[in-house]
file my_file.txt (compact mmCIF, C-alpha atoms and all ligand atoms)
# COMPACT_ATOMS: atom_id res chain seq x y z
CA MET T 1 189.48 279.26 -8.59
CA VAL T 2 187.83 276.11 -9.85
CA ASN T 3 188.53 275.34 -13.47
CA PHE T 4 185.12 274.38 -14.80
CA PHE T 5 186.54 273.36 -18.13
CA LEU T 6 188.41 270.48 -16.59
CA CYS T 7 186.00 269.08 -14.00
CA MET T 8 182.73 267.65 -15.15
CA PRO T 9 180.24 264.87 -14.49
CA PHE T 10 180.64 261.54 -16.25
CA SER T 11 178.05 262.58 -18.82
CA ASP T 12 180.48 265.29 -19.96
CA PHE T 13 183.57 263.08 -19.95
CA HIS T 14 184.05 262.46 -23.67
CA GLY T 15 185.41 259.34 -25.21
CA ASN T 16 186.70 256.09 -23.80
CA SER T 17 183.15 255.32 -22.72
CA GLU T 18 183.80 251.58 -22.35
CA ILE T 19 186.66 252.16 -19.93
CA VAL T 20 184.68 254.72 -17.96
CA HIS T 21 181.72 252.33 -17.84
CA ARG T 22 183.91 249.49 -16.57
CA LEU T 23 185.50 251.61 -13.87
CA ARG T 24 182.11 252.84 -12.66
CA GLU T 25 180.81 249.27 -12.58
CA MET T 26 183.79 248.31 -10.46
CA ILE T 27 182.97 251.14 -8.06
CA SER T 28 179.33 250.04 -7.84
CA ARG T 29 180.41 246.49 -6.97
CA ASP T 30 183.09 247.80 -4.61
CA HIS T 31 185.69 246.08 -6.77
CA LEU T 32 187.83 248.96 -7.90
CA PRO T 33 191.45 247.70 -7.87
CA HIS T 34 193.77 249.21 -5.27
CA ALA T 35 196.15 250.33 -7.98
CA VAL T 36 194.92 251.65 -11.31
CA VAL T 37 197.27 252.68 -14.10
CA LEU T 38 195.67 255.23 -16.42
CA ALA T 39 197.79 255.36 -19.55
CA GLY T 40 197.45 257.67 -22.54
CA GLY T 41 198.97 260.65 -24.33
CA ARG T 42 199.13 264.18 -22.98
CA GLY T 43 195.62 265.58 -22.71
CA ALA T 44 193.87 262.23 -23.16
CA GLY T 45 191.96 262.82 -19.92
CA LYS T 46 193.93 260.70 -17.43
CA TYR T 47 193.99 263.27 -14.64
CA THR T 48 190.41 264.37 -15.19
CA LEU T 49 189.23 260.77 -15.09
CA ALA T 50 191.17 260.08 -11.88
CA LEU T 51 189.55 263.14 -10.26
CA VAL T 52 185.99 262.37 -11.35
CA LEU T 53 186.43 258.82 -10.06
CA SER T 54 187.71 260.29 -6.76
CA GLN T 55 184.53 262.35 -6.60
CA ALA T 56 182.34 259.35 -7.37
CA LEU T 57 184.14 257.42 -4.62
CA ASN T 58 183.65 260.17 -2.06
CA CYS T 59 180.49 262.11 -3.01
CA LEU T 60 178.20 262.61 0.00
CA ASN T 61 174.96 262.36 -2.04
CA PRO T 62 176.03 260.10 -4.88
CA PRO T 63 173.39 260.07 -7.62
CA LYS T 64 173.13 257.28 -10.17
CA THR T 65 173.18 257.89 -13.90
CA ASP T 66 172.68 255.06 -16.39
CA GLY T 67 172.36 252.85 -13.30
CA LEU T 68 175.94 253.54 -12.30
CA PRO T 69 177.55 255.65 -9.56
CA ASP T 70 178.04 259.31 -10.41
CA PHE T 71 178.75 262.35 -8.22
CA CYS T 72 176.71 265.42 -7.38
CA GLY T 73 179.44 268.01 -7.95
CA THR T 74 178.04 270.27 -5.24
CA CYS T 75 178.58 268.55 -1.87
CA ALA T 76 181.52 269.44 0.39
CA ASN T 77 183.59 266.49 -0.81
CA CYS T 78 182.90 267.01 -4.53
CA THR T 79 183.66 270.72 -4.45
CA ARG T 80 186.87 270.36 -2.48
CA ILE T 81 188.14 267.58 -4.73
CA ALA T 82 187.21 269.73 -7.75
CA GLN T 83 189.59 272.42 -6.53
CA SER T 84 192.39 270.09 -7.60
CA CYS T 85 191.16 270.15 -11.20
CA ASP T 86 193.39 273.00 -12.25
CA LEU T 87 196.55 271.02 -11.61
CA ASP T 88 198.94 273.58 -13.12
CA ALA T 89 197.63 276.34 -10.85
CA ARG T 90 197.66 274.20 -7.67
CA PHE T 91 201.15 272.93 -8.53
CA ALA T 92 202.44 276.47 -9.04
CA GLU T 93 200.98 277.53 -5.67
CA ALA T 94 202.67 274.61 -3.91
CA VAL T 95 206.01 275.40 -5.53
CA GLU T 96 205.70 279.06 -4.60
CA ALA T 97 204.83 278.17 -1.01
CA ARG T 98 207.99 276.09 -0.83
CA GLU T 99 210.06 278.91 -2.31
CA ASN T 100 208.97 281.10 0.60
CA LEU T 101 210.21 278.69 3.27
CA ARG T 102 213.49 278.96 5.15
CA GLU T 103 216.40 277.26 3.34
CA THR T 104 216.54 274.36 5.79
CA ASP T 105 212.79 273.66 5.52
CA LYS T 106 212.86 274.05 1.76
CA LYS T 107 215.14 271.05 1.36
CA GLU T 108 212.84 268.81 3.34
CA THR T 109 209.60 269.91 1.76
CA ARG T 110 208.10 267.99 -1.13
CA ILE T 111 205.41 269.17 -3.50
CA PHE T 112 201.84 267.87 -3.06
CA VAL T 113 198.43 269.06 -4.12
CA GLN T 114 195.75 268.44 -1.54
CA THR T 115 192.38 270.16 -1.50
CA HIS T 116 190.55 267.36 0.36
CA PRO T 117 191.90 265.45 3.38
CA ASP T 118 191.38 262.06 1.73
CA VAL T 119 192.59 262.84 -1.79
CA LEU T 120 196.31 263.45 -2.24
CA VAL T 121 197.74 264.41 -5.63
CA ILE T 122 201.45 263.68 -6.04
CA PRO T 123 203.11 265.52 -8.95
CA PRO T 124 206.77 265.14 -9.94
CA ASP T 125 208.92 267.24 -7.60
CA PRO T 126 210.99 270.06 -9.12
CA PRO T 127 213.64 270.81 -10.15
CA GLN T 128 214.32 267.22 -11.23
CA MET T 129 210.63 266.67 -11.98
CA MET T 130 210.71 263.17 -10.56
CA ILE T 131 208.56 261.44 -7.94
CA LYS T 132 210.82 261.26 -4.89
CA VAL T 133 211.01 258.80 -2.02
CA ASP T 134 209.82 261.40 0.52
CA GLN T 135 206.63 261.79 -1.49
CA VAL T 136 205.98 258.06 -1.37
CA ARG T 137 206.79 258.12 2.36
CA ARG T 138 203.92 260.56 2.83
CA VAL T 139 201.67 258.03 1.09
CA ILE T 140 202.91 255.22 3.33
CA GLY T 141 202.50 257.41 6.40
CA THR T 142 198.83 258.16 5.72
CA ILE T 143 197.34 255.38 3.62
CA TYR T 144 196.68 252.97 6.53
CA TYR T 145 194.45 255.46 8.38
CA ARG T 146 190.76 255.30 7.52
CA PRO T 147 189.41 258.18 5.42
CA ALA T 148 188.50 261.19 7.55
CA GLU T 149 185.64 262.70 5.55
CA GLY T 150 185.10 260.45 2.57
CA ARG T 151 184.73 256.72 1.99
CA GLU T 152 187.94 256.10 0.06
CA LYS T 153 191.50 257.32 0.44
CA VAL T 154 192.72 258.31 -3.03
CA TYR T 155 196.31 258.90 -4.15
CA ILE T 156 196.99 260.21 -7.64
CA PHE T 157 200.54 260.07 -8.99
CA THR T 158 200.40 262.38 -12.00
CA ASP T 159 203.52 261.03 -13.67
CA SER T 160 205.47 257.78 -13.86
CA ALA T 161 208.94 259.34 -13.55
CA PHE T 162 209.80 257.71 -10.21
CA MET T 163 213.24 257.83 -8.65
CA LYS T 164 214.43 254.31 -8.01
CA GLU T 165 214.01 254.36 -4.24
CA ALA T 166 210.56 255.92 -4.61
CA ALA T 167 209.43 253.17 -7.00
CA ASN T 168 210.66 250.49 -4.59
CA SER T 169 208.81 252.12 -1.68
CA LEU T 170 205.63 252.32 -3.72
CA LEU T 171 205.94 248.64 -4.49
CA LYS T 172 205.84 247.89 -0.76
CA VAL T 173 202.52 249.74 -0.44
CA LEU T 174 201.10 247.87 -3.40
CA GLU T 175 202.00 244.57 -1.80
CA GLU T 176 199.73 245.31 1.17
CA PRO T 177 197.23 248.04 0.35
CA PRO T 178 194.40 248.73 2.81
CA ASP T 179 190.83 247.99 1.66
CA PHE T 180 189.80 251.63 1.72
CA ALA T 181 192.47 253.10 -0.57
CA THR T 182 192.96 253.50 -4.31
CA ILE T 183 196.17 254.59 -5.98
CA PHE T 184 196.02 256.03 -9.49
CA LEU T 185 199.21 255.99 -11.52
CA LEU T 186 199.04 258.24 -14.56
CA THR T 187 201.48 257.67 -17.37
CA GLU T 188 202.12 258.42 -21.01
CA ASN T 189 204.29 255.34 -21.17
CA PRO T 190 203.44 252.40 -18.86
CA GLY T 191 206.85 250.89 -19.73
CA GLU T 192 208.37 253.51 -17.39
CA LEU T 193 206.78 251.81 -14.40
CA LEU T 194 208.52 248.85 -12.73
CA PRO T 195 207.11 245.58 -14.10
CA THR T 196 206.41 244.57 -10.50
CA ILE T 197 204.30 247.72 -10.04
CA ARG T 198 202.41 247.09 -13.27
CA SER T 199 201.70 243.48 -12.33
CA ARG T 200 200.03 244.68 -9.11
CA SER T 201 197.91 247.24 -10.94
CA MET T 202 195.15 247.17 -13.50
CA THR T 203 196.01 249.20 -16.59
CA PHE T 204 193.49 251.15 -18.65
CA THR T 205 194.71 252.83 -21.80
CA LEU T 206 192.77 255.94 -22.77
CA ALA T 207 192.51 256.42 -26.51
CA ALA T 208 192.57 259.76 -28.23
CA LEU T 209 189.20 261.00 -29.44
CA ALA T 210 188.06 261.14 -33.05
CA GLY T 211 188.32 264.57 -34.68
CA GLU T 212 184.54 265.05 -34.90
CA GLU T 213 184.12 264.28 -31.19
CA ILE T 214 186.66 266.95 -30.29
CA GLU T 215 185.06 269.43 -32.68
CA GLY T 216 181.72 268.83 -30.99
CA ASP T 217 183.28 269.36 -27.58
CA LEU T 218 184.97 272.57 -28.75
CA ALA T 219 181.67 273.89 -30.07
CA LYS T 220 180.48 273.85 -26.46
CA HIS T 221 183.63 275.19 -24.84
CA HIS T 222 184.68 277.69 -27.53
CA PRO T 223 181.48 278.84 -29.22
CA ASP T 224 183.41 281.89 -30.46
CA TRP T 225 185.65 279.74 -32.67
CA LYS T 226 184.60 279.23 -36.28
CA PRO T 227 183.98 275.63 -37.47
CA ALA T 228 187.21 275.73 -39.54
CA GLN T 229 189.13 276.81 -36.42
CA ARG T 230 187.61 274.00 -34.35
CA ALA T 231 188.56 271.50 -37.04
CA LEU T 232 192.09 272.90 -37.07
CA VAL T 233 192.52 272.67 -33.29
CA ALA T 234 191.08 269.14 -33.22
CA ARG T 235 193.66 268.07 -35.81
CA LEU T 236 196.56 269.86 -34.14
CA CYS T 237 195.79 268.23 -30.78
CA ASP T 238 195.77 264.64 -32.02
CA GLY T 239 192.60 263.65 -30.23
CA ALA T 240 193.60 265.04 -26.83
CA VAL T 241 190.49 266.83 -25.58
CA GLY T 242 192.17 268.54 -22.61
CA ARG T 243 194.83 270.01 -24.84
CA ALA T 244 192.23 271.07 -27.42
CA ARG T 245 190.12 272.92 -24.83
CA SER T 246 193.07 274.87 -23.51
CA PHE T 247 194.66 275.43 -26.93
CA ASP T 248 195.95 278.98 -27.43
CA LEU T 249 194.51 279.57 -30.88
CA GLU T 250 195.56 283.19 -30.99
CA ALA T 251 199.21 282.46 -30.24
CA TYR T 252 199.20 279.63 -32.75
CA THR T 253 197.75 281.86 -35.45
CA VAL T 254 200.49 284.45 -34.90
CA ALA T 255 203.22 281.80 -34.91
CA ARG T 256 201.84 280.28 -38.07
CA GLN T 257 201.70 283.63 -39.82
CA HIS T 258 205.39 284.08 -38.99
CA ALA T 259 206.24 280.54 -40.03
CA LEU T 260 204.56 281.09 -43.39
CA VAL T 261 206.55 284.28 -44.02
CA ILE T 262 209.79 282.47 -43.15
CA LEU T 263 209.07 279.51 -45.43
CA ASN T 264 207.74 281.66 -48.28
CA SER T 265 210.71 283.95 -48.08
CA ALA T 266 213.04 280.94 -48.28
CA LEU T 267 211.11 279.41 -51.18
CA ARG T 268 210.90 282.58 -53.24
CA ASN T 269 214.32 284.05 -52.46
CA ALA T 270 212.34 287.18 -51.76
CA ASP T 271 213.45 290.43 -50.27
CA HIS T 272 214.30 289.82 -46.61
CA SER T 273 212.96 292.94 -44.93
CA GLU T 274 209.69 291.32 -43.85
CA LEU T 275 211.53 288.24 -42.67
CA PHE T 276 214.02 290.22 -40.58
CA LYS T 277 211.22 292.26 -39.05
CA ILE T 278 209.69 289.03 -37.80
CA THR T 279 212.84 287.29 -36.57
CA GLU T 280 213.79 290.52 -34.75
CA SER T 281 210.72 290.06 -32.58
CA TYR T 282 212.05 286.77 -31.18
CA ARG T 283 213.95 288.09 -28.21
CA PRO T 284 215.91 286.49 -25.41
CA GLY T 285 214.32 285.71 -22.04
CA ALA T 286 211.69 283.27 -20.91
CA GLU T 287 208.85 284.82 -22.90
CA GLY T 288 210.92 284.88 -26.07
CA ARG T 289 211.87 281.31 -25.51
CA GLU T 290 208.28 280.15 -25.33
CA LYS T 291 207.45 282.16 -28.42
CA THR T 292 210.39 280.69 -30.33
CA GLU T 293 209.50 277.17 -29.29
CA ARG T 294 205.99 277.73 -30.56
CA LEU T 295 207.35 279.05 -33.85
CA ILE T 296 209.63 276.04 -34.30
CA HIS T 297 206.80 273.67 -33.48
CA THR T 298 204.60 275.45 -36.00
CA LEU T 299 207.32 275.35 -38.66
CA TYR T 300 207.51 271.58 -38.18
CA SER T 301 203.77 271.26 -38.48
CA LEU T 302 203.79 273.20 -41.77
CA LEU T 303 206.73 271.21 -43.15
CA ARG T 304 204.92 268.00 -42.29
CA ASP T 305 201.84 269.23 -44.14
CA LEU T 306 203.98 270.12 -47.18
CA MET T 307 205.38 266.60 -47.03
CA PHE T 308 201.84 265.15 -47.00
CA ILE T 309 200.95 267.23 -50.06
CA ASP T 310 204.17 266.19 -51.81
CA SER T 311 203.38 262.51 -51.20
CA GLY T 312 199.71 262.84 -52.15
CA ALA T 313 198.43 262.12 -48.61
CA THR T 314 196.34 265.29 -48.36
CA GLU T 315 193.87 263.66 -45.93
CA LEU T 316 196.60 263.83 -43.27
CA ILE T 317 197.07 267.60 -43.50
CA ARG T 318 196.54 269.37 -40.20
CA ASN T 319 196.44 273.02 -41.21
CA THR T 320 193.34 272.34 -43.26
CA ASP T 321 192.13 275.95 -43.11
CA ILE T 322 195.07 277.18 -45.22
CA ILE T 323 195.27 274.23 -47.57
CA SER T 324 195.31 276.35 -50.75
CA ASP T 325 198.29 278.38 -49.47
CA LEU T 326 200.08 275.16 -48.61
CA LYS T 327 199.40 273.68 -52.04
CA ARG T 328 200.82 276.76 -53.69
CA MET T 329 203.95 276.51 -51.55
CA ALA T 330 204.25 272.80 -52.26
CA GLU T 331 204.68 273.57 -55.96
CA SER T 332 208.15 274.94 -55.26
CA ALA T 333 209.02 272.70 -52.28
CA ASN T 334 210.09 269.22 -53.27
CA PHE T 335 210.92 266.28 -51.03
CA GLU T 336 214.64 267.16 -50.77
CA TRP T 337 213.89 270.76 -49.82
CA ILE T 338 211.42 269.75 -47.12
CA THR T 339 213.87 267.23 -45.68
CA ALA T 340 216.69 269.78 -45.69
CA ALA T 341 214.42 272.33 -44.01
CA SER T 342 213.52 269.87 -41.23
CA ASP T 343 217.21 269.10 -40.69
CA ARG T 344 218.07 272.79 -40.46
CA LEU T 345 215.19 273.39 -38.10
CA ALA T 346 216.60 270.69 -35.83
CA GLU T 347 219.87 272.68 -35.86
CA VAL T 348 218.02 275.82 -34.76
CA GLU T 349 216.49 273.82 -31.91
CA ARG T 350 219.89 272.56 -30.82
CA GLY T 351 221.23 276.10 -31.00
CA MET T 352 218.44 277.31 -28.75
CA ARG T 353 219.45 274.80 -26.15
CA ARG T 354 222.92 276.32 -26.26
CA ASN T 355 221.30 279.75 -25.97
CA LEU T 356 222.40 281.06 -29.35
CA LEU T 357 220.74 284.30 -30.33
CA ARG T 358 217.30 283.35 -31.57
CA SER T 359 216.82 286.04 -34.15
CA LEU T 360 220.19 285.26 -35.75
CA SER T 361 219.60 281.52 -35.91
CA LEU T 362 216.13 282.04 -37.39
CA ASP T 363 217.60 284.34 -40.06
CA ALA T 364 220.29 281.78 -40.78
CA PHE T 365 217.64 279.11 -41.06
CA ALA T 366 215.63 281.01 -43.66
CA VAL T 367 218.64 282.15 -45.66
CA ALA T 368 220.28 278.72 -45.69
CA LEU T 369 217.18 277.23 -47.27
CA GLU T 370 217.51 279.49 -50.30
CA GLU T 371 220.74 277.88 -51.43
ZN ZN D 1 179.00 265.15 -4.21
call {"tool": "encode", "arguments": {"input": "my_file.txt", "output": "structure tokens"}}
result
Amino acid sequence: MVNFFLCMPFSDFHGNSEIVHRLREMISRDHLPHAVVLAGGRGAGKYTLALVLSQALNCLNPPKTDGLPDFCGTCANCTRIAQSCDLDARFAEAVEARENLRETDKKETRIFVQTHPDVLVIPPDPPQMMIKVDQVRRVIGTIYYRPAEGREKVYIFTDSAFMKEAANSLLKVLEEPPDFATIFLLTENPGELLPTIRSRSMTFTLAALAGEEIEGDLAKHHPDWKPAQRALVARLCDGAVGRARSFDLEAYTVARQHALVILNSALRNADHSELFKITESYRPGAEGREKTERLIHTLYSLLRDLMFIDSGATELIRNTDIISDLKRMAESANFEWITAASDRLAEVERGMRRNLLRSLSLDAFAVALEE
């Protein structure tokens, strides 16, 4: 299944237009550096940009738009590269395939995503979630052969968490890269890469998008969302368009409803039956864990908004669609209370890591705030 929300022509790649323009110019002059670091927060578009550039480098009928190289999106190379767009799905398939191997083979198999012979995606290898030396060895073992079906060999490291030996091996490739290969290194924090790797690469830092740009993008991708919901998601995602598009609005709305009951119950010393009914629903197991994490995250986001109201910085509020509820709550929540609540929430988080019963620690959280 191709994820159409993630792969798109340059005209649909929002934001960072100067960087995109520069990279396309480099392709047109055949001057794209052999190692490109794409830095930026989660969802800023690093992976998408690396893939659309891979398509532009390998498209069989490359069109030009704005006088610069683009890709057709329909030729054999474009479509196969596009199958890598849904990274989570391809990654899960690769991990599952490894799980099904014999024990001895399992140990020697590393995770890769490859939907085109000349484009290799290298994600961190579980369970440590690090780039391992065997993964870099695969790069070394293939990078010096000319591309089989495209014009450019492309390697995309999706994370900068390299094991030491892996980083040193990569450095050797970067010292002598072949003319027909490009390595993309994606990172949220370029400081994680060896300085010697960075000095052999060209770094582009992708900025988060402005709220209105994301809202405009969401209008296209989620026409069913109301304008206030689009504004909310844009604010919650801090300018990360990928995260905004795949945002689970329904789950967030449920979590926020629960978070509001918990905070209101603590602020008003109200009867606890509604509160207990909610915390009861946070059960053990993987699903419960995800749900609880979402609740905690949402509680933080509401506490932060209360803090903004308390300090008069209402323009920074994220949950703008419920601002009147928040203002009402802020009347009884002063600075000390909000700080204490954040501290106690951090305790709940620590407890979760030790696998304490979720419902009990959530109850304790709400009740402790009443004192
Ligand atoms: Zn094409």
call {"tool": "residues_near_ligand", "arguments": {"input": "my_file.txt", "ligand": "ligand ZN 1 (chain D)", "cutoff": "8 Å", "atoms": "all atoms listed in the file", "output": "list in words"}}
result
Gln55, Ala56, Asn58, Cys59, Leu60, Asn61, Pro62, Phe71, Cys72, Gly73, Thr74, Cys75, Ala76, Asn77, Cys78 and Thr79 of chain T
call {"tool": "closest_residue", "arguments": {"input": "my_file.txt", "among": "T:Phe162, T:Trp337, T:Phe180, T:Phe91", "to": "Val121 of chain T", "atoms": "all atoms listed in the file"}}
result
T:Phe91
call {"tool": "residues_around", "arguments": {"input": "my_file.txt", "residues": "Ser54 of chain T", "least_positions_apart": "4", "cutoff": "10 Å", "atoms": "all atoms listed in the file", "output": "PyMOL selection string"}}
result
chain T and resi 48-50+58-59+71+77-78+81-82+118-119+150-156+182+184
call {"tool": "write_last_selection", "arguments": {"input": "my_file.txt", "atoms": "C-alpha atoms", "output": "mmCIF file, keeping the file's coordinate frame"}}
result
data_model
loop_
_atom_site.group_PDB
_atom_site.id
_atom_site.type_symbol
_atom_site.label_atom_id
_atom_site.label_comp_id
_atom_site.auth_asym_id
_atom_site.auth_seq_id
_atom_site.Cartn_x
_atom_site.Cartn_y
_atom_site.Cartn_z
ATOM 1 C CA THR T 48 190.410 264.370 -15.190
ATOM 2 C CA LEU T 49 189.230 260.770 -15.090
ATOM 3 C CA ALA T 50 191.170 260.080 -11.880
ATOM 4 C CA ASN T 58 183.650 260.170 -2.060
ATOM 5 C CA CYS T 59 180.490 262.110 -3.010
ATOM 6 C CA PHE T 71 178.750 262.350 -8.220
ATOM 7 C CA ASN T 77 183.590 266.490 -0.810
ATOM 8 C CA CYS T 78 182.900 267.010 -4.530
ATOM 9 C CA ILE T 81 188.140 267.580 -4.730
ATOM 10 C CA ALA T 82 187.210 269.730 -7.750
ATOM 11 C CA ASP T 118 191.380 262.060 1.730
ATOM 12 C CA VAL T 119 192.590 262.840 -1.790
ATOM 13 C CA GLY T 150 185.100 260.450 2.570
ATOM 14 C CA ARG T 151 184.730 256.720 1.990
ATOM 15 C CA GLU T 152 187.940 256.100 0.060
ATOM 16 C CA LYS T 153 191.500 257.320 0.440
ATOM 17 C CA VAL T 154 192.720 258.310 -3.030
ATOM 18 C CA TYR T 155 196.310 258.900 -4.150
ATOM 19 C CA ILE T 156 196.990 260.210 -7.640
ATOM 20 C CA THR T 182 192.960 253.500 -4.310
ATOM 21 C CA PHE T 184 196.020 256.030 -9.490
#
call {"tool": "atom_distance", "arguments": {"input": "my_file.txt", "atom1": "atom CA of Leu209 of chain T", "atom2": "atom CA of Gly239 of chain T"}}
result
4.4 Å
call {"tool": "residues_around", "arguments": {"input": "my_file.txt", "residues": "Ile131 of chain T", "least_positions_apart": "3", "cutoff": "7 Å", "atoms": "only C-alpha atoms", "output": "JSON, numbers by chain"}}
result
{"T": [123, 124, 125, 135, 161, 162, 163, 166]}
call {"tool": "closest_residue", "arguments": {"input": "my_file.txt", "among": "T:Ala89, T:Arg200, T:Arg24, T:Gly41", "to": "Leu68 of chain T", "atoms": "all atoms listed in the file"}}
result
T:Arg24
call {"tool": "closest_residue", "arguments": {"input": "my_file.txt", "among": "T:Ala366, T:Cys237, T:Ala244, T:Leu120", "to": "His258 of chain T", "atoms": "only C-alpha atoms"}}
result
T:Ala366
call {"tool": "closest_residue", "arguments": {"input": "my_file.txt", "among": "T:Ala364, T:Ala231, T:Leu32, T:Ile317", "to": "Asp179 of chain T", "atoms": "all atoms listed in the file"}}
result
T:Leu32
call {"tool": "atom_distance", "arguments": {"input": "my_file.txt", "atom1": "atom CA of Thr115 of chain T", "atom2": "atom CA of Ser11 of chain T"}}
result
23.7 Å
call {"tool": "closest_residue", "arguments": {"input": "my_file.txt", "among": "T:Gln257, T:Asn319, T:Ser246, T:Asn269", "to": "Ala228 of chain T", "atoms": "all atoms listed in the file"}}
result
T:Asn319
call {"tool": "closest_residue", "arguments": {"input": "my_file.txt", "among": "T:Ala35, T:Arg102, T:Arg198, T:Pro63", "to": "Phe157 of chain T", "atoms": "all atoms listed in the file"}}
result
T:Ala35
call {"tool": "residues_around", "arguments": {"input": "my_file.txt", "residues": "Lys327 of chain T", "least_positions_apart": "4", "cutoff": "7 Å", "atoms": "only C-alpha atoms", "output": "MDAnalysis selection string"}}
result
chainID T and resid 309 323 331
call {"tool": "atom_distance", "arguments": {"input": "my_file.txt", "atom1": "atom CA of Leu299 of chain T", "atom2": "atom CA of Arg344 of chain T"}}
result
11.2 Å
call {"tool": "residues_around", "arguments": {"input": "my_file.txt", "residues": "Pro69 of chain T", "least_positions_apart": "3", "cutoff": "10 Å", "atoms": "all atoms listed in the file", "output": "list in words"}}
result
Phe10, His21, Leu23, Arg24, Glu25, Met26, Ile27, Ser28, Arg29, Leu53, Ala56, Leu57, Cys59, Pro62, Pro63, Lys64, Thr65 and Asp66 of chain T
call {"tool": "residues_near_point", "arguments": {"input": "my_file.txt", "point": "(210.9, 287.5, -31.4)", "cutoff": "12 Å", "atoms": "all atoms listed in the file", "output": "ChimeraX atom specification"}}
result
/T:254-255,258,275-296,357-363
call {"tool": "residues_around", "arguments": {"input": "my_file.txt", "residues": "Thr314 of chain T", "least_positions_apart": "4", "cutoff": "12 Å", "atoms": "all atoms listed in the file", "output": "ChimeraX atom specification"}}
result
/T:304-310,318-320,323-324,326-327,330
call {"tool": "axis_aligned_box", "arguments": {"input": "my_file.txt", "around": "segment 264-277 of chain T", "padding_each_side": "4 Å", "output": "AutoDock Vina command-line options"}}
result
--center_x 211.0 --center_y 286.2 --center_z -46.1 --size_x 14.6 --size_y 21.5 --size_z 22.2
